[in-house]
Structures are given as C-alpha cells and as structure tokens.
file upload-v2.cif (mmCIF, C-alpha atoms and all ligand atoms)
data_model
#
loop_
_atom_site.label_atom_id
_atom_site.label_comp_id
_atom_site.auth_asym_id
_atom_site.auth_seq_id
_atom_site.Cartn_x
_atom_site.Cartn_y
_atom_site.Cartn_z
CA MET A 101 -13.20 -2.57 -11.68
CA ASN A 102 -15.05 -2.57 -8.36
CA ARG A 103 -12.94 -2.09 -5.27
CA PHE A 104 -13.89 -4.00 -2.14
CA ILE A 105 -12.22 -2.44 0.87
CA LEU A 106 -12.95 -3.87 4.29
CA HIS A 107 -12.31 -2.06 7.56
CA CYS A 108 -12.65 -3.80 10.89
CA ASP A 109 -12.45 -2.43 14.42
CA LEU A 110 -12.79 -4.35 17.68
CA ASP A 111 -15.67 -3.34 19.94
CA CYS A 112 -14.71 -1.54 23.18
CA PHE A 113 -11.50 -3.49 22.82
CA PHE A 114 -9.78 -3.41 26.24
CA ALA A 115 -13.13 -3.79 28.02
CA SER A 116 -14.12 -6.76 25.80
CA VAL A 117 -10.93 -8.61 26.74
CA GLU A 118 -11.74 -8.04 30.42
CA GLU A 119 -15.33 -9.27 29.91
CA ARG A 120 -13.96 -12.35 28.20
CA ASP A 121 -11.63 -13.09 31.12
CA ASN A 122 -14.11 -12.14 33.86
CA PRO A 123 -17.53 -13.36 32.69
CA GLU A 124 -19.01 -12.35 36.05
CA TYR A 125 -18.68 -8.70 34.86
CA ILE A 126 -20.85 -9.21 31.78
CA GLY A 127 -23.88 -6.90 31.83
CA LYS A 128 -22.20 -4.47 34.24
CA PRO A 129 -20.48 -1.18 33.35
CA ILE A 130 -16.73 -1.82 33.02
CA ILE A 131 -14.27 1.05 32.83
CA ILE A 132 -10.60 0.59 31.97
CA GLY A 133 -8.27 3.41 32.95
CA ALA A 134 -6.77 5.31 35.85
CA ASP A 135 -7.71 4.52 39.44
CA PRO A 136 -10.85 6.59 40.28
CA LYS A 137 -9.90 6.80 44.00
CA ASP A 138 -13.52 7.33 45.06
CA GLY A 139 -13.88 10.23 42.66
CA LYS A 140 -10.59 11.95 43.55
CA GLY A 141 -8.44 10.09 41.05
CA ARG A 142 -6.46 11.80 38.27
CA GLY A 143 -6.04 10.47 34.75
CA VAL A 144 -8.55 9.37 32.16
CA VAL A 145 -10.75 6.57 30.89
CA SER A 146 -8.95 4.38 28.33
CA THR A 147 -12.19 2.80 27.22
CA CYS A 148 -15.38 1.40 28.68
CA ASN A 149 -17.92 -1.20 27.61
CA TYR A 150 -21.26 -0.36 26.06
CA ASP A 151 -23.07 -0.73 29.43
CA ALA A 152 -20.88 2.09 30.77
CA ARG A 153 -21.42 4.19 27.64
CA LYS A 154 -25.13 4.35 28.56
CA PHE A 155 -24.06 6.64 31.43
CA GLY A 156 -22.28 8.97 29.01
CA LEU A 157 -18.80 7.57 29.68
CA HIS A 158 -16.24 7.50 26.88
CA SER A 159 -12.51 7.25 26.12
CA ALA A 160 -10.38 10.19 27.31
CA MET A 161 -12.99 11.37 29.84
CA PRO A 162 -11.42 12.34 33.20
CA ILE A 163 -11.78 9.33 35.50
CA SER A 164 -13.19 11.57 38.27
CA GLN A 165 -16.03 12.61 35.99
CA ALA A 166 -16.66 9.00 34.97
CA TYR A 167 -16.87 8.03 38.64
CA LYS A 168 -19.40 10.78 39.31
CA ARG A 169 -21.64 9.49 36.52
CA CYS A 170 -21.16 5.83 37.25
CA PRO A 171 -19.95 5.17 40.82
CA HIS A 172 -21.20 1.57 40.77
CA GLY A 173 -19.07 0.67 37.71
CA ILE A 174 -16.23 -1.85 37.77
CA TYR A 175 -12.97 0.09 37.41
CA LEU A 176 -9.95 -1.86 36.16
CA HIS A 177 -6.31 -1.05 35.46
CA PRO A 178 -5.28 -1.72 31.87
CA ASN A 179 -3.29 -4.88 31.22
CA PHE A 180 -1.50 -3.87 28.03
CA GLU A 181 0.38 -7.15 27.57
CA LYS A 182 -2.88 -9.03 27.50
CA TYR A 183 -4.41 -6.58 25.00
CA GLN A 184 -1.33 -6.76 22.78
CA ARG A 185 -1.61 -10.53 22.73
CA ALA A 186 -5.31 -10.44 21.84
CA SER A 187 -4.62 -7.82 19.15
CA LYS A 188 -1.91 -9.98 17.59
CA GLU A 189 -4.22 -12.99 17.50
CA VAL A 190 -6.99 -10.97 15.87
CA MET A 191 -4.66 -9.39 13.31
CA GLU A 192 -3.31 -12.81 12.32
CA ILE A 193 -6.85 -13.92 11.60
CA VAL A 194 -7.66 -10.77 9.61
CA ASN A 195 -4.39 -11.01 7.68
CA SER A 196 -5.09 -14.65 6.85
CA TYR A 197 -7.87 -13.50 4.49
CA SER A 198 -5.46 -11.52 2.31
CA ASP A 199 -1.94 -10.13 2.29
CA LYS A 200 -3.40 -6.84 1.12
CA PHE A 201 -3.68 -6.00 4.77
CA GLN A 202 -2.91 -2.80 6.66
CA GLN A 203 -3.11 -2.60 10.43
CA VAL A 204 -3.73 1.01 11.46
CA SER A 205 -3.99 0.77 15.24
CA ILE A 206 -4.05 -1.82 18.01
CA ASP A 207 -7.63 -2.78 17.14
CA GLU A 208 -8.32 -1.81 13.53
CA ALA A 209 -7.18 -2.87 10.09
CA TYR A 210 -8.02 -2.65 6.40
CA LEU A 211 -8.16 -5.48 3.87
CA ASP A 212 -8.37 -5.03 0.12
CA LEU A 213 -10.60 -7.86 -1.11
CA SER A 214 -10.78 -6.73 -4.74
CA ASP A 215 -8.79 -9.75 -5.95
CA ILE A 216 -10.59 -12.14 -3.65
CA CYS A 217 -14.28 -11.30 -3.96
CA THR A 218 -16.32 -10.91 -7.11
CA ASP A 219 -19.28 -9.04 -5.63
CA PHE A 220 -20.62 -7.63 -2.38
CA ASN A 221 -22.36 -10.93 -1.53
CA ASP A 222 -18.94 -12.58 -1.50
CA VAL A 223 -17.68 -9.77 0.72
CA LYS A 224 -20.53 -10.27 3.16
CA GLU A 225 -19.91 -14.01 3.37
CA LEU A 226 -16.22 -13.39 4.04
CA ALA A 227 -17.01 -10.74 6.68
CA ILE A 228 -19.33 -13.12 8.53
CA LYS A 229 -16.66 -15.82 8.47
CA LEU A 230 -14.01 -13.38 9.73
CA LYS A 231 -16.24 -12.19 12.59
CA ASP A 232 -17.09 -15.76 13.61
CA GLU A 233 -13.46 -16.71 13.58
CA VAL A 234 -12.42 -13.78 15.79
CA GLN A 235 -15.23 -14.58 18.21
CA LYS A 236 -14.41 -18.31 18.36
CA ASN A 237 -10.63 -17.99 18.59
CA VAL A 238 -10.12 -14.80 20.57
CA GLY A 239 -13.48 -14.51 22.34
CA ILE A 240 -14.30 -10.88 21.50
CA THR A 241 -16.45 -9.14 18.88
CA ILE A 242 -15.35 -7.08 15.91
CA SER A 243 -17.36 -4.70 13.73
CA VAL A 244 -16.84 -4.73 9.99
CA GLY A 245 -17.54 -2.24 7.23
CA CYS A 246 -17.03 -2.72 3.52
CA ALA A 247 -17.20 -0.14 0.76
CA PRO A 248 -15.40 0.91 -2.43
CA THR A 249 -13.12 3.31 -0.49
CA LYS A 250 -11.09 3.22 2.71
CA SER A 251 -12.84 6.19 4.28
CA ILE A 252 -16.37 4.89 3.67
CA ALA A 253 -15.36 1.40 4.87
CA LYS A 254 -14.15 3.02 8.10
CA ILE A 255 -17.36 5.01 8.52
CA ALA A 256 -19.30 1.78 7.80
CA SER A 257 -17.50 -0.31 10.45
CA ASP A 258 -18.42 2.32 13.04
CA TYR A 259 -22.03 2.62 11.86
CA ASN A 260 -23.47 -0.49 13.46
CA LYS A 261 -21.30 -1.05 16.52
CA PRO A 262 -21.00 -3.31 18.45
CA ASN A 263 -20.73 -6.57 16.50
CA GLY A 264 -22.02 -5.07 13.26
CA ILE A 265 -21.57 -5.62 9.55
CA THR A 266 -22.29 -2.72 7.21
CA ILE A 267 -21.84 -3.06 3.47
CA VAL A 268 -22.02 0.04 1.30
CA GLU A 269 -22.24 -0.70 -2.41
CA PRO A 270 -21.23 2.01 -4.93
CA ASN A 271 -24.84 2.97 -5.72
CA GLN A 272 -25.69 3.24 -2.00
CA ILE A 273 -22.91 5.67 -1.03
CA LYS A 274 -25.02 8.82 -1.18
CA ASP A 275 -27.98 7.39 0.75
CA PHE A 276 -25.68 5.89 3.36
CA LEU A 277 -23.75 9.11 3.99
CA LYS A 278 -26.24 11.90 3.45
CA ASN A 279 -27.83 12.01 6.95
CA LEU A 280 -24.69 11.27 8.97
CA ASP A 281 -23.07 13.94 11.12
CA ILE A 282 -19.97 15.43 9.47
CA THR A 283 -17.75 14.26 12.35
CA ARG A 284 -18.11 10.72 10.96
CA ILE A 285 -15.66 11.78 8.26
CA PRO A 286 -12.06 10.99 9.27
CA GLY A 287 -10.45 14.43 9.31
CA ILE A 288 -13.32 16.38 10.87
CA GLY A 289 -12.75 16.62 14.60
CA LYS A 290 -14.49 18.70 17.26
CA LYS A 291 -12.75 21.92 16.25
CA SER A 292 -13.36 21.74 12.52
CA LYS A 293 -16.96 20.64 13.20
CA LEU A 294 -17.62 24.07 14.73
CA TYR A 295 -16.08 25.79 11.75
CA TYR A 296 -18.15 23.73 9.29
CA ASN A 297 -21.32 24.25 11.39
CA LYS A 298 -20.82 28.02 11.26
CA LYS A 299 -21.04 27.83 7.49
CA GLY A 300 -24.28 25.84 7.75
CA ILE A 301 -22.75 22.40 7.14
CA LYS A 302 -23.96 19.82 9.67
CA ILE A 303 -24.57 16.57 7.85
CA ILE A 304 -22.64 14.93 5.02
CA GLY A 305 -25.57 15.64 2.66
CA ASP A 306 -24.76 19.36 3.07
CA ILE A 307 -21.30 18.64 1.67
CA ILE A 308 -22.58 16.48 -1.20
CA ASN A 309 -24.85 19.37 -2.23
CA LEU A 310 -21.89 21.75 -2.66
CA THR A 311 -19.53 21.80 -5.64
CA LEU A 312 -15.84 21.00 -5.23
CA PRO A 313 -14.70 24.57 -6.09
CA LYS A 314 -17.12 25.95 -3.47
CA MET A 315 -15.75 23.54 -0.84
CA ILE A 316 -12.18 24.54 -1.67
CA GLN A 317 -13.11 28.20 -1.53
CA LEU A 318 -14.71 27.76 1.92
CA PHE A 319 -12.42 25.22 3.58
CA GLY A 320 -9.24 24.94 1.49
CA LYS A 321 -7.35 21.63 1.37
CA ASN A 322 -9.48 20.09 4.14
CA GLY A 323 -12.60 20.98 2.16
CA GLU A 324 -11.25 19.19 -0.89
CA TRP A 325 -10.51 16.01 1.09
CA VAL A 326 -13.90 16.09 2.82
CA TRP A 327 -15.73 16.59 -0.49
CA ASN A 328 -13.84 13.68 -2.08
CA VAL A 329 -14.64 11.37 0.85
CA SER A 330 -18.31 12.39 0.78
CA ASN A 331 -18.59 11.61 -2.91
CA GLY A 332 -16.73 8.27 -2.77
CA PHE A 333 -13.58 9.59 -4.49
CA ASP A 334 -10.99 8.46 -1.94
CA THR A 335 -8.45 6.53 -4.03
CA ARG A 336 -6.04 5.65 -1.21
CA GLU A 337 -4.79 2.06 -1.40
CA VAL A 338 -4.51 -0.46 1.41
CA LYS A 339 -0.80 -0.20 2.13
CA GLU A 340 0.79 -3.58 2.65
CA PHE A 341 3.49 -3.26 5.24
CA HIS A 342 5.75 -5.84 3.61
CA GLY A 343 4.77 -5.04 0.05
CA ASP A 344 7.38 -6.28 -2.41
CA ARG A 345 7.30 -3.83 -5.26
CA LYS A 346 9.53 -5.99 -7.42
CA SER A 347 6.97 -8.71 -7.85
CA ILE A 348 3.46 -9.33 -9.02
CA SER A 349 1.28 -11.58 -6.97
CA LYS A 350 -2.29 -12.66 -6.50
CA GLU A 351 -3.90 -14.91 -3.97
CA ARG A 352 -7.30 -16.25 -3.08
CA THR A 353 -8.82 -17.47 0.15
CA PHE A 354 -11.16 -20.46 -0.06
CA TYR A 355 -14.57 -19.89 1.47
CA GLU A 356 -14.26 -23.32 3.03
CA ASP A 357 -10.78 -24.63 3.82
CA THR A 358 -10.15 -27.52 1.44
CA ASP A 359 -7.92 -30.54 0.82
CA ASP A 360 -9.35 -31.27 -2.63
CA LEU A 361 -6.39 -31.08 -4.99
CA ASN A 362 -8.61 -30.35 -7.99
CA VAL A 363 -10.18 -27.36 -6.25
CA ILE A 364 -6.75 -26.08 -5.22
CA LEU A 365 -5.34 -26.50 -8.69
CA SER A 366 -8.22 -24.85 -10.46
CA LYS A 367 -7.93 -21.87 -8.09
CA LEU A 368 -4.22 -21.63 -8.94
CA GLU A 369 -5.04 -21.77 -12.66
CA GLU A 370 -7.56 -18.98 -12.22
CA ILE A 371 -4.95 -16.87 -10.38
CA ASN A 372 -2.36 -17.62 -13.04
CA ASN A 373 -4.72 -16.53 -15.82
CA ARG A 374 -5.55 -13.31 -14.03
CA ILE A 375 -1.92 -12.43 -13.38
CA HIS A 376 -1.02 -13.10 -17.01
CA LYS A 377 -3.70 -10.78 -18.36
CA ASN A 378 -1.94 -8.01 -16.50
CA LEU A 379 1.56 -9.14 -17.49
CA ILE A 380 0.75 -9.49 -21.17
CA LYS A 381 -0.91 -6.09 -21.27
CA ASN A 382 2.12 -4.48 -19.64
CA LYS A 383 4.73 -6.58 -21.50
CA ILE A 384 6.30 -7.77 -18.28
CA TYR A 385 8.55 -10.85 -18.10
CA TYR A 386 9.67 -12.73 -15.02
CA LYS A 387 12.24 -15.24 -13.86
CA THR A 388 11.00 -16.58 -10.54
CA VAL A 389 7.75 -18.35 -9.72
CA THR A 390 6.65 -18.67 -6.10
CA LEU A 391 3.79 -20.77 -4.82
CA LYS A 392 2.27 -19.72 -1.54
CA ILE A 393 0.05 -21.93 0.55
CA ARG A 394 -1.55 -21.11 3.84
CA LEU A 395 -2.96 -24.02 5.84
CA GLU A 396 -5.70 -23.95 8.45
CA GLY A 397 -4.10 -22.65 11.63
CA PHE A 398 -2.35 -19.97 9.52
CA ILE A 399 0.93 -21.78 8.86
CA THR A 400 2.18 -20.36 5.58
CA TYR A 401 4.63 -21.97 3.19
CA THR A 402 6.27 -20.62 0.10
CA ARG A 403 8.28 -22.54 -2.50
CA SER A 404 10.10 -20.95 -5.42
CA LYS A 405 11.70 -21.97 -8.64
CA SER A 406 13.48 -19.83 -11.22
CA PHE A 407 13.79 -20.01 -14.96
CA ILE A 408 17.28 -19.35 -16.30
CA HIS A 409 16.04 -16.41 -18.33
CA HIS A 410 13.10 -14.06 -18.24
CA VAL A 411 9.94 -15.55 -19.69
CA GLN A 412 6.27 -14.87 -20.12
CA ASP A 413 4.44 -18.16 -20.52
CA LYS A 414 1.50 -19.11 -18.38
CA ASN A 415 1.65 -22.82 -19.30
CA GLN A 416 5.21 -22.99 -18.04
CA VAL A 417 4.20 -21.26 -14.85
CA ILE A 418 1.41 -23.71 -14.14
CA LYS A 419 3.81 -26.63 -14.76
CA VAL A 420 6.18 -25.18 -12.19
CA ILE A 421 3.30 -24.60 -9.79
CA ILE A 422 2.21 -28.25 -10.05
CA GLU A 423 5.80 -29.32 -9.46
CA LEU A 424 6.06 -27.10 -6.37
CA LEU A 425 2.66 -28.24 -5.14
CA ASN A 426 3.78 -31.87 -5.31
CA GLN A 427 6.86 -31.05 -3.28
CA PHE A 428 5.22 -30.34 -0.03
CA SER A 429 3.06 -32.21 2.33
CA THR A 430 0.10 -30.47 3.91
CA MET A 431 0.39 -32.78 6.91
CA ASN A 432 -3.30 -33.65 6.52
CA LYS A 433 -4.25 -30.05 7.12
CA LYS A 434 -6.71 -28.25 4.89
CA VAL A 435 -5.66 -25.36 2.70
CA ARG A 436 -7.04 -21.91 3.44
CA LEU A 437 -5.31 -19.70 0.86
CA VAL A 438 -3.21 -20.12 -2.27
CA GLY A 439 -1.22 -17.56 -4.17
CA ILE A 440 1.27 -17.14 -6.98
CA ARG A 441 4.04 -14.58 -7.03
CA LEU A 442 6.15 -13.80 -10.07
CA SER A 443 9.33 -11.89 -9.35
CA ASN A 444 12.62 -10.86 -10.89
CA LEU A 445 10.60 -8.79 -13.31
CA GLU A 446 11.75 -7.20 -16.51
CA LYS A 447 9.94 -4.98 -18.97
CA ALA A 448 11.22 -6.84 -22.05
CA PRO A 449 12.76 -10.31 -22.53
CA SER A 450 16.53 -10.37 -22.32
CA VAL A 451 16.92 -13.23 -24.82
CA ALA A 452 14.85 -14.90 -27.49
CA GLN A 453 12.11 -16.84 -25.74
CA THR A 454 12.01 -19.92 -27.92
CA THR A 455 15.23 -21.37 -26.60
CA ILE A 456 14.78 -20.85 -22.93
CA LEU A 457 11.66 -22.52 -21.70
CA SER A 458 13.10 -25.95 -21.08
CA TYR A 459 16.00 -24.68 -19.01
CA LEU A 460 14.83 -24.57 -15.48
CA GLU A 461 17.03 -24.24 -12.46
CA ALA A 462 15.99 -25.28 -8.99
P1 LIG B 501 -11.10 2.48 19.85
O1 LIG B 501 -11.28 1.50 18.74
O2 LIG B 501 -11.15 3.94 19.52
O3 LIG B 501 -12.24 2.27 20.94
P2 LIG B 501 -12.85 0.93 21.50
O4 LIG B 501 -12.37 -0.27 20.74
O5 LIG B 501 -12.63 0.87 22.98
O6 LIG B 501 -14.42 1.14 21.26
P3 LIG B 501 -15.23 1.06 19.89
O7 LIG B 501 -16.21 -0.05 20.08
O8 LIG B 501 -15.92 2.40 19.81
O9 LIG B 501 -14.27 0.83 18.80
O10 LIG B 501 -9.74 2.20 20.61
C1 LIG B 501 -9.19 0.91 20.79
C2 LIG B 501 -8.53 0.79 22.15
O11 LIG B 501 -7.52 1.78 22.30
C3 LIG B 501 -9.48 0.99 23.29
O12 LIG B 501 -10.16 -0.20 23.68
C4 LIG B 501 -8.59 1.51 24.36
C5 LIG B 501 -7.49 2.26 23.65
N1 LIG B 501 -7.75 3.73 23.71
C6 LIG B 501 -7.18 4.45 24.75
O13 LIG B 501 -6.45 3.88 25.58
N2 LIG B 501 -7.43 5.79 24.82
C7 LIG B 501 -8.24 6.46 23.93
O14 LIG B 501 -8.45 7.68 24.04
C8 LIG B 501 -8.82 5.69 22.85
C9 LIG B 501 -9.72 6.38 21.85
C10 LIG B 501 -8.54 4.34 22.79
MG MG B 502 -12.38 -0.29 18.62
#
call {"tool": "encode", "arguments": {"input": "upload-v2.cif", "output": "structure tokens"}}
result
Amino acid sequence: MNRFILHCDLDCFFASVEERDNPEYIGKPIIIGADPKDGKGRGVVSTCNYDARKFGLHSAMPISQAYKRCPHGIYLHPNFEKYQRASKEVMEIVNSYSDKFQQVSIDEAYLDLSDICTDFNDVKELAIKLKDEVQKNVGITISVGCAPTKSIAKIASDYNKPNGITIVEPNQIKDFLKNLDITRIPGIGKKSKLYYNKKGIKIIGDIINLTLPKMIQLFGKNGEWVWNVSNGFDTREVKEFHGDRKSISKERTFYEDTDDLNVILSKLEEINNRIHKNLIKNKIYYKTVTLKIRLEGFITYTRSKSFIHHVQDKNQVIKVIIELLNQFSTMNKKVRLVGIRLSNLEKAPSVAQTTILSYLEA
C-alpha cells in the first residue's frame, strides 16, 4: 500500500509572526534575536526573514556579524509567548486533518495521510487546503512536502521554501534526490559532510550509485541510514503522541466540511468496512465502539457504546454508529472529520457469538 507522509514547516517562523503583526516591516530585512548594540552585541540570530537571508544572514549567526552584513535591518527581541500561541494555533489546524499527527518542533509536524488520501492528487488538494487555512487563520505561510517516507517528506518541505508545496511520488524519488547536496539528508551535518566529501560523495546521487555494503564499509551505521533514506527505504512511522495501542481506529477528513447526513453516513460505512477487513484478517474482536466527530472550528466529540461481550460484526457496529450519531446535535455546524474506534480488543471471542449481539449496554 502507498504511504502518504506529509511534513510541514513554517517559513522563517518568528519573523513571519512579526511581519504579520507589523505590516510596515514587510519587504524589509527583519532579524529576531539578541540586541545587536550597533555591532557590539553578543548572542545570536534566532531567525530572520527571507529579505534578510539575501544578505547571508541565518539562524545561529553571531548578531554582531549579522549587523555588519545588514546594518539597516530591523532587529527585534523574540516574543516567545506570541510564537507559542501561533504555533499552537497552527498545530491545531494541522492535527485537524488527521490524528496520525506528530509535532517535532515548535514549527514543524508530520501527518500520515495513508488512510485519508487515495492518491497524490488527493494529497495535493489537502495540502493546498491546509496551507490556505493556516494563512487565513494564523496569518503566516507554511511549506509542505509529501512523499512515501518521513525523511523525503522533510526534504521536500524544505525544497521550495517559502510557501511551497513539493510532492514526491514513489517513481520520482530518485530524480528528486539525485542532484541535491548530501546535507539535505537529516543526519548529515557540517562535520559529516566533510567526511563524506573526502570520499568523493557530494550529492545524493553519489550515494544512490553505491551499494549498501559499500556504504556500511565506508561510513558504518550512519552510512546505512543515509543509504536507506536516499533510496526511499525509511520505514519510520508518524508517532502519534496520544496513540492508544489498545484500539483500532480510522478516520477521514472531508474535503469540504459537510452537514449532509448521507455523505457523513456513507463515509462512516466506508471506514467501518476498511477497519473490518483488517479485523477479520487478524481475527480480532472488540467490545466498545466509539464514534468521533470533529466539527468546523475543531470542536471534537466522541460517543461510545459497549457490547456486553466481544464481537466482530460490522452490521452491528454501523447500527451502533447510527444510534450514536443520532444522539448528538451538531449545533448547525458542519462536520470536518469522522472516525470510528473499536477498543477493548481480544484476539478470539470469549463466548459464542450467536447469543450476544442483541445485548447492548449503554
Ligand atoms: P526553523 O524552522 O529551523 O527556521 P525558520 O522557520 O525560521 O525558517 P525556515 O523558513 O527555513 O523554516 O526554526 C523555527 C524557529 O525556531 C525559528 O523561526 C526560530 C527558532 N530557531 C532559533 O531560535 N534558533 C535556531 O538556531 C533555529 C534553527 C531556529
Ligand atoms: Mg521553519
């Protein structure tokens, strides 16, 4: 099955928030960090906008050096509370597309869209919607990359910054990577770059052209990782922070938020069928059914109901889902996401199934 991993990273994050709040600075170099004190200041640049980057400025550069290169820039102290708030707002939006969500820093996160999208066109549509939503609601831009692996998705989000979308389909991996500098690979920093360069390896294509045993012989464990990334063999999963290992769940986001009950129900039926394929194959039974609904504005509700005994019957599940769906009012809001979770799992049924299906407890 194709994996669709999305990575997103805000563009010159702290500086973008300052541009948003001070539109008079737009078009000028903005530097967030220590006080430059007319070139005598100590400390470093936190980040700077793309206008400042034209002068060679970058994160972690001594502020005195930045001032030398760009004395006419606008130098601002960081306002971490404000950036935390903006980050939280962005992450809520990103997370609203799927619970297979992993935030990895203040301004970047992964989403696994494999259960949500059927092809890379779907992924692109979702990425455009996500970017628009961040721009409209938080007022800053985010760059998005999507690929079959986490590492290539991360390289892709960085590829077309700022405000970019880069999709790398499985058959495009080699062409996408082959001419990029090896430091694009997470895990190759400035020091290891020199080491790789000494052995004649400068671009990712040089790695793809070597065999795995040769890479291990030359660079050990790091060489193995780098070779796997370069060939699209990074199998790492998007780690959900609140992942509940004792349940099986699936959810789908609607491309357009909807209040059409038929559309909602048919999506739930589709989810139910998909979950059951997996359950039947693995002979897994369950006791508790949970319906999850997220409304526009990101308010999320869950409602559960348990069978008395473990069962495996998708018709019963859909009946319960309809019952739960009828129980709550959407307050005239449209629905953004629906999901089903089955929990209280067991590998085999504890009692004969025929007798139990009609005994439901609230
Ligand atoms: P990054 O995503 O690395 O950088 P960025 O968002 O400023 O720029 P880009 O468009 O290249 O993604 O880091 C996110 C924020 O973290 C950044 O805005 C400021 C802060 N930061 C520091 O304070 N010090 C640092 O050395 C780095 C790298 C980031
Ligand atoms: Mg960033």
call {"tool": "residues_around", "arguments": {"input": "upload-v2.cif", "residues": "segment 437-442 of chain A", "least_positions_apart": "6", "cutoff": "6 Å", "atoms": "all atoms listed in the file", "output": "JSON, numbers by chain"}}
result
{"A": [347, 348, 349, 350, 351, 352, 353, 354, 388, 389, 390, 391, 392, 393, 394]}
call {"tool": "write_last_selection", "arguments": {"input": "upload-v2.cif", "atoms": "C-alpha atoms", "output": "PDB file, in the frame of the given file"}}
result
ATOM      1  CA  SER A 347       6.970  -8.710  -7.850  1.00  0.00           C
ATOM      2  CA  ILE A 348       3.460  -9.330  -9.020  1.00  0.00           C
ATOM      3  CA  SER A 349       1.280 -11.580  -6.970  1.00  0.00           C
ATOM      4  CA  LYS A 350      -2.290 -12.660  -6.500  1.00  0.00           C
ATOM      5  CA  GLU A 351      -3.900 -14.910  -3.970  1.00  0.00           C
ATOM      6  CA  ARG A 352      -7.300 -16.250  -3.080  1.00  0.00           C
ATOM      7  CA  THR A 353      -8.820 -17.470   0.150  1.00  0.00           C
ATOM      8  CA  PHE A 354     -11.160 -20.460  -0.060  1.00  0.00           C
ATOM      9  CA  THR A 388      11.000 -16.580 -10.540  1.00  0.00           C
ATOM     10  CA  VAL A 389       7.750 -18.350  -9.720  1.00  0.00           C
ATOM     11  CA  THR A 390       6.650 -18.670  -6.100  1.00  0.00           C
ATOM     12  CA  LEU A 391       3.790 -20.770  -4.820  1.00  0.00           C
ATOM     13  CA  LYS A 392       2.270 -19.720  -1.540  1.00  0.00           C
ATOM     14  CA  ILE A 393       0.050 -21.930   0.550  1.00  0.00           C
ATOM     15  CA  ARG A 394      -1.550 -21.110   3.840  1.00  0.00           C
TER      16      ARG A 394
END
call {"tool": "residues_near_ligand", "arguments": {"input": "upload-v2.cif", "ligand": "ligand MG 502 (chain B)", "cutoff": "9 Å", "atoms": "only C-alpha atoms and all ligand atoms", "output": "tab-separated table (two decimals) with C-alpha atoms, keeping the file's coordinate frame"}}
result
chain	number	residue	atom	x	y	z
A	108	CYS	CA	-12.65	-3.80	10.89
A	109	ASP	CA	-12.45	-2.43	14.42
A	110	LEU	CA	-12.79	-4.35	17.68
A	111	ASP	CA	-15.67	-3.34	19.94
A	112	CYS	CA	-14.71	-1.54	23.18
A	113	PHE	CA	-11.50	-3.49	22.82
A	114	PHE	CA	-9.78	-3.41	26.24
A	206	ILE	CA	-4.05	-1.82	18.01
A	207	ASP	CA	-7.63	-2.78	17.14
A	208	GLU	CA	-8.32	-1.81	13.53
A	242	ILE	CA	-15.35	-7.08	15.91
A	243	SER	CA	-17.36	-4.70	13.73
A	258	ASP	CA	-18.42	2.32	13.04
call {"tool": "closest_residue", "arguments": {"input": "upload-v2.cif", "among": "A:Glu124, A:Glu189, A:Asp360, A:Glu233", "to": "Val435 of chain A", "atoms": "only C-alpha atoms"}}
result
A:Asp360
call {"tool": "residues_near_point", "arguments": {"input": "upload-v2.cif", "point": "(-15.7, 0.5, 40.3)", "cutoff": "12 Å", "atoms": "all atoms listed in the file", "output": "list in words"}}
result
Tyr125, Lys128, Pro129, Ile130, Ile131, Ile132, Gly133, Ala134, Asp135, Pro136, Lys137, Asp138, Gly139, Cys148, Ala152, Ile163, Ser164, Ala166, Tyr167, Lys168, Arg169, Cys170, Pro171, His172, Gly173, Ile174, Tyr175, Leu176 and His177 of chain A
call {"tool": "closest_residue", "arguments": {"input": "upload-v2.cif", "among": "A:Lys339, A:His158, A:Lys261, A:Lys314", "to": "Asp199 of chain A", "atoms": "all atoms listed in the file"}}
result
A:Lys339
call {"tool": "residues_near_point", "arguments": {"input": "upload-v2.cif", "point": "(-11.1, 4.9, 2.9)", "cutoff": "10 Å", "atoms": "all atoms listed in the file", "output": "ChimeraX atom specification"}}
result
/A:105-107,210,246-255,285-286,329,332-338
call {"tool": "residues_around", "arguments": {"input": "upload-v2.cif", "residues": "Asn309 of chain A", "least_positions_apart": "4", "cutoff": "12 Å", "atoms": "all atoms listed in the file", "output": "list of chain:residue names"}}
result
A:Lys274, A:Lys278, A:Gly300, A:Ile301, A:Lys302, A:Ile303, A:Ile304, A:Gly305, A:Lys314, A:Met315, A:Trp327, A:Ser330, A:Asn331
call {"tool": "atom_distance", "arguments": {"input": "upload-v2.cif", "atom1": "atom CA of Met101 of chain A", "atom2": "atom CA of Leu213 of chain A"}}
result
12.1 Å
